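Report on the following structure.
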Amino acid sequence: MTNARPDHTPEYILVGVAWPYASGPRHLGHAAGAYVPPDIFARYQRMIGNHVLMVSGSDMHGTPITVAADKRGITPRQLAEENHAGIAASFERLGLAYDNYTTTLTPTHYRVTQDFFTTLLDKGYLFEATETAMYDPQAKRFLPDRYVEGTCPHCGYEDARGDQCDNCGRTLDPIELIDPRSKITGATPETRETNHFYLDLPKFQTALEAWVGEASVNWRPAVTGFTQGWLKEGLRARAITRDLDWGVPIPLPGYDDKRIYVWFDAVIGYFSATVEWGELRGEPDAWKKWWALDEHGRAPGRMYNFIGKDNVPFHTVIWPAMLMGYGGLALPYDVPANEFLTIDGMKLSSSRMYTARLPFLPEALELFDADAIRFFLTINAPENRDTDFSWDDFQRRNNDELVATYGNAVHRLLSFLQSKYDGVVPTPGDLTDADRAMLATMESTFSEVGNDIDKVKLRDGLRGVMALATALNRYLDDAAPWKTIKTDPERAATSLWTALQVVAALRVLSAPFLPFSAERLHTLLGDEGSVHALPWQPLGLPAGRSLPKPEPLFRKLEDDDLAALLDRLKPTVVDTGEPT
RNA sequence: GCCGACGUAGCUCAGCGGCAGAGCAAGGGACUCAUAAGCCCUUGGCCGGUGGUUCGAUUCCACCCGUCGGCACCA
């Protein structure tokens with residue numbers, strides 16, 4: 001990319017996006033929390049001329065996928081690949097511009113994961129130990145804690161899960177359960193001894209405390225608080241292997257019945273996906289530009305991990321520890337974790353009717369424009385706390401904000417140009433103070449919105465874009481070219497020209513947030529190529545250019561339409577293999 | 001139970017030591033280029049509760065209540 005201004009030294013920015021778990025489709029909450037924000041951020045960073053690599057992929061391993069596959073009588077690979085294809089298709093329709101969206105099943109990922117394992121083992125950061133685990137003799141498999149249920153020893157609740165009692169909220173050990181049974185077969189689990197490899201996190205305690213102390217200055221309070229909590233409690237070793245036949249094989253002889261477990265291999269994906277990106281381009285060393293520390297131990301750029309809040313310790317404690325142990329690779333610069341989207345004030349649920357659950361991405365994208373979805377998820381993004389989703393609010397923000405403020409500012413102007421000037425951009429006369437003020441506001445919006453996005457305050461950034469649209473509406477009302485065209489044609493022409501420059505800027509400013517409509521506006525302004533190849537600065541609209549007949553940028557959602565659409569949103573049941 | 005974040009106008013959310021803010025909703029007005037969209041004006045809050053620190057607290061501290069999340073075998 002050559003968008004850099006002369007005074008800008010391009011930075012290497014790695015945008016690592018949380019790896020969606022391929023157990024089923026993702027819903028709007030996932031998109032709001034982890035998937036749309038990095039896309040906005042990455043698009044902006046590209047426009048200012050940085051070397052951006054946005055990578056992620058589907059997380060294909062883990063127990064829930066094996067359980068769901070067993071129930072359907074297919075292999076875990078089939079199930080995961082089917083879900084991966086669905087997720088990738090949704091992401092494309094949402095406009096997520098990944099440089100590499102891959103999976104944890106690639107040869108590169110297996111090789112890199114095994115290399116991490118071997119290196120950490122050789123350096124003494126892994127150890128082997130025996131533990132007692134629950135085993136389902138009927139299913140012939142070991143059971144994770146939450147796949148065992150029984151009576152809670154604290155409150156007597158009969159359907160307590162092995163990890164936690166949903167009734168009294170206490171954390172449990174499955175061995176404590178009275179009358180335990182397997183969630184998969186109902187059989188009574190046995191306890192068995194089994195051997196596993198552990199990541200020796202206590203060895204990183206001091207180094208992590210030092211790193212978090214420095215790195216967390218710009219983190220969100222919840223991210224820092226959560227991380228400090230883990231550190232204060234004292235790190236414990238954590239098993240990184242499981243008794244499964246689905247996962248990355250352990251690169252040692254004699255461990256055929258065990259696999260490296262998902263959380264260990266999934267975070268490595270940020271790195272392996274970068275390596276794979278280079279390999280696919282025939283540049284096997286390209287990853288070094290984002291990851292390799294220099295001789296002073298300095299990172300080559302900034303590394304971001306966009307995740308949901310449930311994922312924080314993996315990205316601020318465990319993954320950094322793995323990177324420190326491996327050596328020579330950059331640690332995260334920021335981990336912008338979002339809170340959750342709730343639905344109609346309730347905790348989200350994937351098992352309720354549409355009125356009480358967040359829609360899955362495929363259905364949402366079937367019913368609504370991607371930009372309308374992106375707009376809602378960003379203008380009300382759960383950056384500091386949980387935010388609420390409701391269909392009323394979705395409709396209102398679409399109609400009263402996106403359509404009425406931004407869409408209409410563009411459309412009223414282009415329509416006026418079409419009807420009174422035959423669509424030809426007029427030549428301006430002398431600028432008034434009001435004209436100059438409008439253009440100055442437009443200029444400053446670039447730096448304001450840019451700063452917001454760079455600080456990952458995406459909600460503020462989008463509000464800044466909307467504020468410019470509002471300012472344009474005000475300017476037009478004040479200038480009233482529909483009046484001055486009768487009394488002072490040159491004044492009207494100048495007002496129109498000024499307003500058109502602002503619309504031309506809005507096309508650029510909105511591009512990271514609303515990529516599809518920005519592209520449509522780009523075309524409506526008679527420009528060639530893609531808006532996404534433009535630099536982050538005003539692009540003028542020359543006098544004399546003839547613009548095509550305008551069409552509204554966005555679709556208004558009428559009550560009847562919305563009701564009809566929601567009527568098609570039938571209850572969807574997806575078995576993700578998760579215990580309920 | 002323990003840890004963390006959050007609790008601000010009817011709704012959705014900003015602000016975080018010095019006369020309480022935005023958008024939307026509600027009420028009123030002038031206009032007509034526009035998907036009856038836009039613009040102007042107005043109404044509206046003991047900033048969850050109690051105590052403390054301070055000249056001064058929505059903002060800092062403690063406790064309480066509520067919501068959400070985590071508590072290491074979900075990812």
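Residues are named by chain letter and number: chains run A, B, ... in the order of the structure tokens, numbers start at 1 in each chain, and ligands are numbered from 1 in the order shown.
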Leaving out A:Gly464 and any residue of its chain fewer than 4 positions from it, which residues lie within 12 Å of it when counting only C-alpha atoms (C1' of nucleotides), given as a ChimeraX atom specification? /A:379,406,441-442,444-453,457-460,468-471,506,509-510,513 /B:22
Give me the residues of chain B that have any atom at most 6 Å from an atom of chain A; for each, the nearest atom pair and the distance in Å, rounded to one decimal. Use only C-alpha atoms (C1' of nucleotides), sort by chain and number, and format it as CSV.
```
residue,atom,partner,partner_atom,distance
B:G4,C1',A:Phe226,CA,5.5
B:A5,C1',A:Ala222,CA,5.3
B:C33,C1',A:Phe416,CA,5.2
B:A34,C1',A:Arg412,CA,3.8
B:A37,C1',A:Ala404,CA,5.5
B:C39,C1',A:Asp477,CA,6.0
B:C73,C1',A:Pro144,CA,4.7
```
Could the residues in this selection be written to a file with all heavy atoms, as a CSV table (one decimal), in the first residue's frame?
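Just written: again-v1.csv:
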```
chain,number,residue,atom,x,y,z
B,4,G,P,-11.3,-6.9,43.5
B,4,G,OP1,-10.3,-5.9,43.7
B,4,G,OP2,-12.6,-6.8,44.2
B,4,G,O5',-11.8,-6.8,41.9
B,4,G,C5',-10.7,-6.8,40.9
B,4,G,C4',-11.4,-6.8,39.6
B,4,G,O4',-12.2,-8.0,39.4
B,4,G,C3',-12.4,-5.7,39.3
B,4,G,O3',-11.7,-4.5,38.9
B,4,G,C2',-13.1,-6.3,38.1
B,4,G,O2',-12.4,-6.2,36.9
B,4,G,C1',-13.3,-7.7,38.5
B,4,G,N9,-14.5,-8.0,39.2
B,4,G,C8,-14.7,-8.1,40.6
B,4,G,N7,-16.0,-8.4,40.9
B,4,G,C5,-16.6,-8.4,39.7
B,4,G,C6,-18.0,-8.6,39.4
B,4,G,O6,-19.0,-8.8,40.2
B,4,G,N1,-18.3,-8.5,38.0
B,4,G,C2,-17.3,-8.3,37.1
B,4,G,N2,-17.7,-8.3,35.8
B,4,G,N3,-16.0,-8.1,37.3
B,4,G,C4,-15.8,-8.2,38.6
B,5,A,P,-12.4,-3.1,39.1
B,5,A,OP1,-11.4,-2.0,38.9
B,5,A,OP2,-13.2,-3.1,40.4
B,5,A,O5',-13.5,-3.0,37.9
B,5,A,C5',-13.0,-2.8,36.6
B,5,A,C4',-14.2,-3.0,35.6
B,5,A,O4',-14.8,-4.3,35.8
B,5,A,C3',-15.4,-2.1,35.9
B,5,A,O3',-15.1,-0.8,35.3
B,5,A,C2',-16.5,-2.8,35.2
B,5,A,O2',-16.4,-2.7,33.8
B,5,A,C1',-16.2,-4.2,35.6
B,5,A,N9,-16.9,-4.6,36.9
B,5,A,C8,-16.3,-4.6,38.2
B,5,A,N7,-17.2,-4.9,39.1
B,5,A,C5,-18.4,-5.2,38.4
B,5,A,C6,-19.6,-5.6,38.8
B,5,A,N6,-20.0,-5.8,40.1
B,5,A,N1,-20.6,-5.7,37.8
B,5,A,C2,-20.3,-5.5,36.6
B,5,A,N3,-19.1,-5.1,36.1
B,5,A,C4,-18.2,-5.0,37.0
B,33,C,P,-38.0,23.1,-2.9
B,33,C,OP1,-37.6,24.1,-3.9
B,33,C,OP2,-39.4,22.4,-3.0
B,33,C,O5',-36.9,21.9,-2.9
B,33,C,C5',-36.1,21.6,-4.0
B,33,C,C4',-35.0,20.7,-3.6
B,33,C,O4',-34.2,21.4,-2.6
B,33,C,C3',-35.4,19.5,-2.8
B,33,C,O3',-35.8,18.5,-3.8
B,33,C,C2',-34.2,19.1,-2.1
B,33,C,O2',-33.2,18.5,-2.9
B,33,C,C1',-33.6,20.5,-1.7
B,33,C,N1,-33.9,20.9,-0.3
B,33,C,C2,-33.0,20.4,0.7
B,33,C,O2,-32.1,19.7,0.4
B,33,C,N3,-33.2,20.8,2.0
B,33,C,C4,-34.3,21.6,2.2
B,33,C,N4,-34.4,22.0,3.5
B,33,C,C5,-35.2,22.1,1.3
B,33,C,C6,-34.9,21.7,0.0
B,34,A,P,-37.0,17.5,-3.5
B,34,A,OP1,-37.2,16.8,-4.8
B,34,A,OP2,-38.0,18.2,-2.8
B,34,A,O5',-36.3,16.4,-2.5
B,34,A,C5',-35.2,15.6,-3.0
B,34,A,C4',-34.6,14.8,-1.8
B,34,A,O4',-34.1,15.8,-0.9
B,34,A,C3',-35.7,14.0,-1.1
B,34,A,O3',-35.6,12.7,-1.6
B,34,A,C2',-35.3,14.0,0.3
B,34,A,O2',-34.4,13.0,0.7
B,34,A,C1',-34.5,15.4,0.4
B,34,A,N9,-35.2,16.5,1.1
B,34,A,C8,-36.3,17.1,0.6
B,34,A,N7,-36.7,18.1,1.4
B,34,A,C5,-35.9,18.0,2.5
B,34,A,C6,-35.8,18.8,3.6
B,34,A,N6,-36.6,19.8,3.9
B,34,A,N1,-34.8,18.5,4.5
B,34,A,C2,-34.0,17.5,4.2
B,34,A,N3,-33.9,16.7,3.1
B,34,A,C4,-34.9,17.0,2.3
B,37,A,P,-39.8,10.1,8.2
B,37,A,OP1,-40.1,9.0,7.4
B,37,A,OP2,-40.1,10.2,9.7
B,37,A,O5',-38.2,10.4,8.0
B,37,A,C5',-37.7,11.6,8.4
B,37,A,C4',-36.4,11.9,7.5
B,37,A,O4',-36.9,12.2,6.2
B,37,A,C3',-35.6,13.1,8.0
B,37,A,O3',-34.7,12.7,9.0
B,37,A,C2',-35.0,13.5,6.8
B,37,A,O2',-33.9,12.6,6.4
B,37,A,C1',-36.1,13.3,5.7
B,37,A,N9,-36.9,14.5,5.6
B,37,A,C8,-37.3,15.4,6.6
B,37,A,N7,-38.1,16.3,6.2
B,37,A,C5,-38.3,16.1,4.9
B,37,A,C6,-39.0,16.7,3.9
B,37,A,N6,-39.7,17.8,4.1
B,37,A,N1,-38.9,16.2,2.7
B,37,A,C2,-38.2,15.1,2.4
B,37,A,N3,-37.5,14.4,3.3
B,37,A,C4,-37.5,14.9,4.5
B,39,C,P,-30.7,17.9,11.6
B,39,C,OP1,-29.3,17.8,12.0
B,39,C,OP2,-31.8,17.3,12.5
B,39,C,O5',-31.2,19.4,11.5
B,39,C,C5',-30.3,20.4,10.8
B,39,C,C4',-30.9,21.7,10.8
B,39,C,O4',-32.2,21.7,10.2
B,39,C,C3',-31.3,22.2,12.2
B,39,C,O3',-30.1,22.8,12.9
B,39,C,C2',-32.3,23.3,11.9
B,39,C,O2',-31.7,24.5,11.4
B,39,C,C1',-33.1,22.6,10.8
B,39,C,N1,-34.3,21.9,11.3
B,39,C,C2,-35.4,22.6,11.7
B,39,C,O2,-35.4,23.8,11.6
B,39,C,N3,-36.5,21.9,12.2
B,39,C,C4,-36.5,20.5,12.3
B,39,C,N4,-37.5,19.9,12.7
B,39,C,C5,-35.3,19.8,11.9
B,39,C,C6,-34.2,20.5,11.4
B,73,C,P,-8.0,-25.8,34.0
B,73,C,OP1,-7.6,-26.5,35.2
B,73,C,OP2,-7.0,-25.7,32.9
B,73,C,O5',-9.3,-26.5,33.4
B,73,C,C5',-9.8,-26.1,32.1
B,73,C,C4',-10.9,-27.0,31.7
B,73,C,O4',-10.3,-28.3,31.6
B,73,C,C3',-12.0,-27.1,32.7
B,73,C,O3',-13.3,-27.3,32.0
B,73,C,C2',-11.7,-28.3,33.5
B,73,C,O2',-12.9,-28.9,34.0
B,73,C,C1',-11.1,-29.2,32.4
B,73,C,N1,-10.2,-30.2,33.0
B,73,C,C2,-10.5,-31.5,32.7
B,73,C,O2,-11.5,-31.8,32.0
B,73,C,N3,-9.7,-32.5,33.2
B,73,C,C4,-8.6,-32.1,33.9
B,73,C,N4,-7.9,-33.1,34.4
B,73,C,C5,-8.3,-30.8,34.2
B,73,C,C6,-9.1,-29.8,33.7
```
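Coordinates place atom CA of A:Arg93 at a distance of 7.1 Å from atom CA of A:Leu365.
Each of A:Val503, A:Ala543, A:Ala370, A:Ala22 was compared to A:Thr104 using only C-alpha atoms, and A:Ala22 turns out to be the nearest.
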Counting only C-alpha atoms, the residue among A:Ala68, A:Leu525, A:Ile184, A:Leu201 that lies closest to A:Pro137 is A:Ile184
Extract the full set of strand (DSSP E) residues from stretch 10-222 of chain A according to DSSP on the backbone, and format it as a CSV table (one decimal) with C-alpha atoms, in the first residue's frame.
```
chain,number,residue,atom,x,y,z
A,12,TYR,CA,3.7,-2.6,11.0
A,13,ILE,CA,0.3,-3.3,12.6
A,14,LEU,CA,-0.9,-6.8,13.2
A,15,VAL,CA,-4.6,-7.1,13.8
A,16,GLY,CA,-5.2,-10.5,15.5
A,17,VAL,CA,-8.9,-11.3,15.7
A,51,HIS,CA,1.4,-2.1,6.8
A,52,VAL,CA,-1.6,-3.9,8.2
A,53,LEU,CA,-2.1,-7.6,8.5
A,54,MET,CA,-5.4,-8.8,9.8
A,55,VAL,CA,-5.5,-12.5,10.5
A,56,SER,CA,-7.7,-15.0,12.1
A,57,GLY,CA,-9.4,-18.3,11.4
A,58,SER,CA,-11.8,-20.9,12.7
A,100,ASN,CA,-5.8,-14.3,5.9
A,101,TYR,CA,-8.8,-16.1,7.4
A,102,THR,CA,-7.7,-19.7,7.8
A,103,THR,CA,-8.3,-22.6,10.2
A,126,LEU,CA,6.4,-27.6,30.2
A,127,PHE,CA,6.2,-30.5,32.6
A,128,GLU,CA,4.4,-33.8,32.8
A,129,ALA,CA,2.1,-34.8,35.7
A,130,THR,CA,-0.5,-37.3,36.5
A,131,GLU,CA,-4.1,-36.2,37.4
A,132,THR,CA,-7.3,-37.8,38.2
A,133,ALA,CA,-10.1,-37.2,35.7
A,134,MET,CA,-13.6,-38.3,35.1
A,135,TYR,CA,-14.1,-41.0,32.4
A,136,ASP,CA,-17.3,-42.1,30.7
A,141,ARG,CA,-13.9,-40.9,26.6
A,142,PHE,CA,-12.7,-38.6,29.3
A,143,LEU,CA,-15.1,-35.9,30.4
A,148,VAL,CA,-20.5,-34.3,34.3
A,149,GLU,CA,-23.6,-33.4,36.2
A,150,GLY,CA,-25.0,-34.4,39.5
A,151,THR,CA,-26.3,-33.1,42.8
A,160,ALA,CA,-25.4,-29.0,38.9
A,161,ARG,CA,-22.5,-29.1,36.4
A,178,ILE,CA,-23.3,-36.5,44.5
A,179,ASP,CA,-24.6,-39.1,42.1
A,180,PRO,CA,-22.6,-37.9,39.2
A,181,ARG,CA,-23.6,-38.8,35.6
A,182,SER,CA,-22.2,-38.2,32.2
A,190,GLU,CA,-15.4,-43.4,36.8
A,191,THR,CA,-12.3,-41.7,38.0
A,192,ARG,CA,-9.1,-42.6,36.1
A,193,GLU,CA,-5.5,-41.5,36.3
A,194,THR,CA,-4.1,-39.8,33.3
A,195,ASN,CA,-0.9,-38.1,32.3
A,196,HIS,CA,-0.7,-34.6,30.9
A,197,PHE,CA,1.7,-31.8,29.9
A,198,TYR,CA,1.3,-28.6,31.8
A,199,LEU,CA,2.4,-25.1,31.0
```
Which value, in Å to one decimal, gives the distance between atom CA of A:Ala440 and atom CA of A:Thr9? 25.6 Å
Could you give me, as a list in words, the residues within 8 Å of stretch 66-68 of chain B, counting only C-alpha atoms (C1' of nucleotides) and dropping anything in the same chain fewer than 3 positions from it? Asp386 of chain A; C6, G7 and G48 of chain B
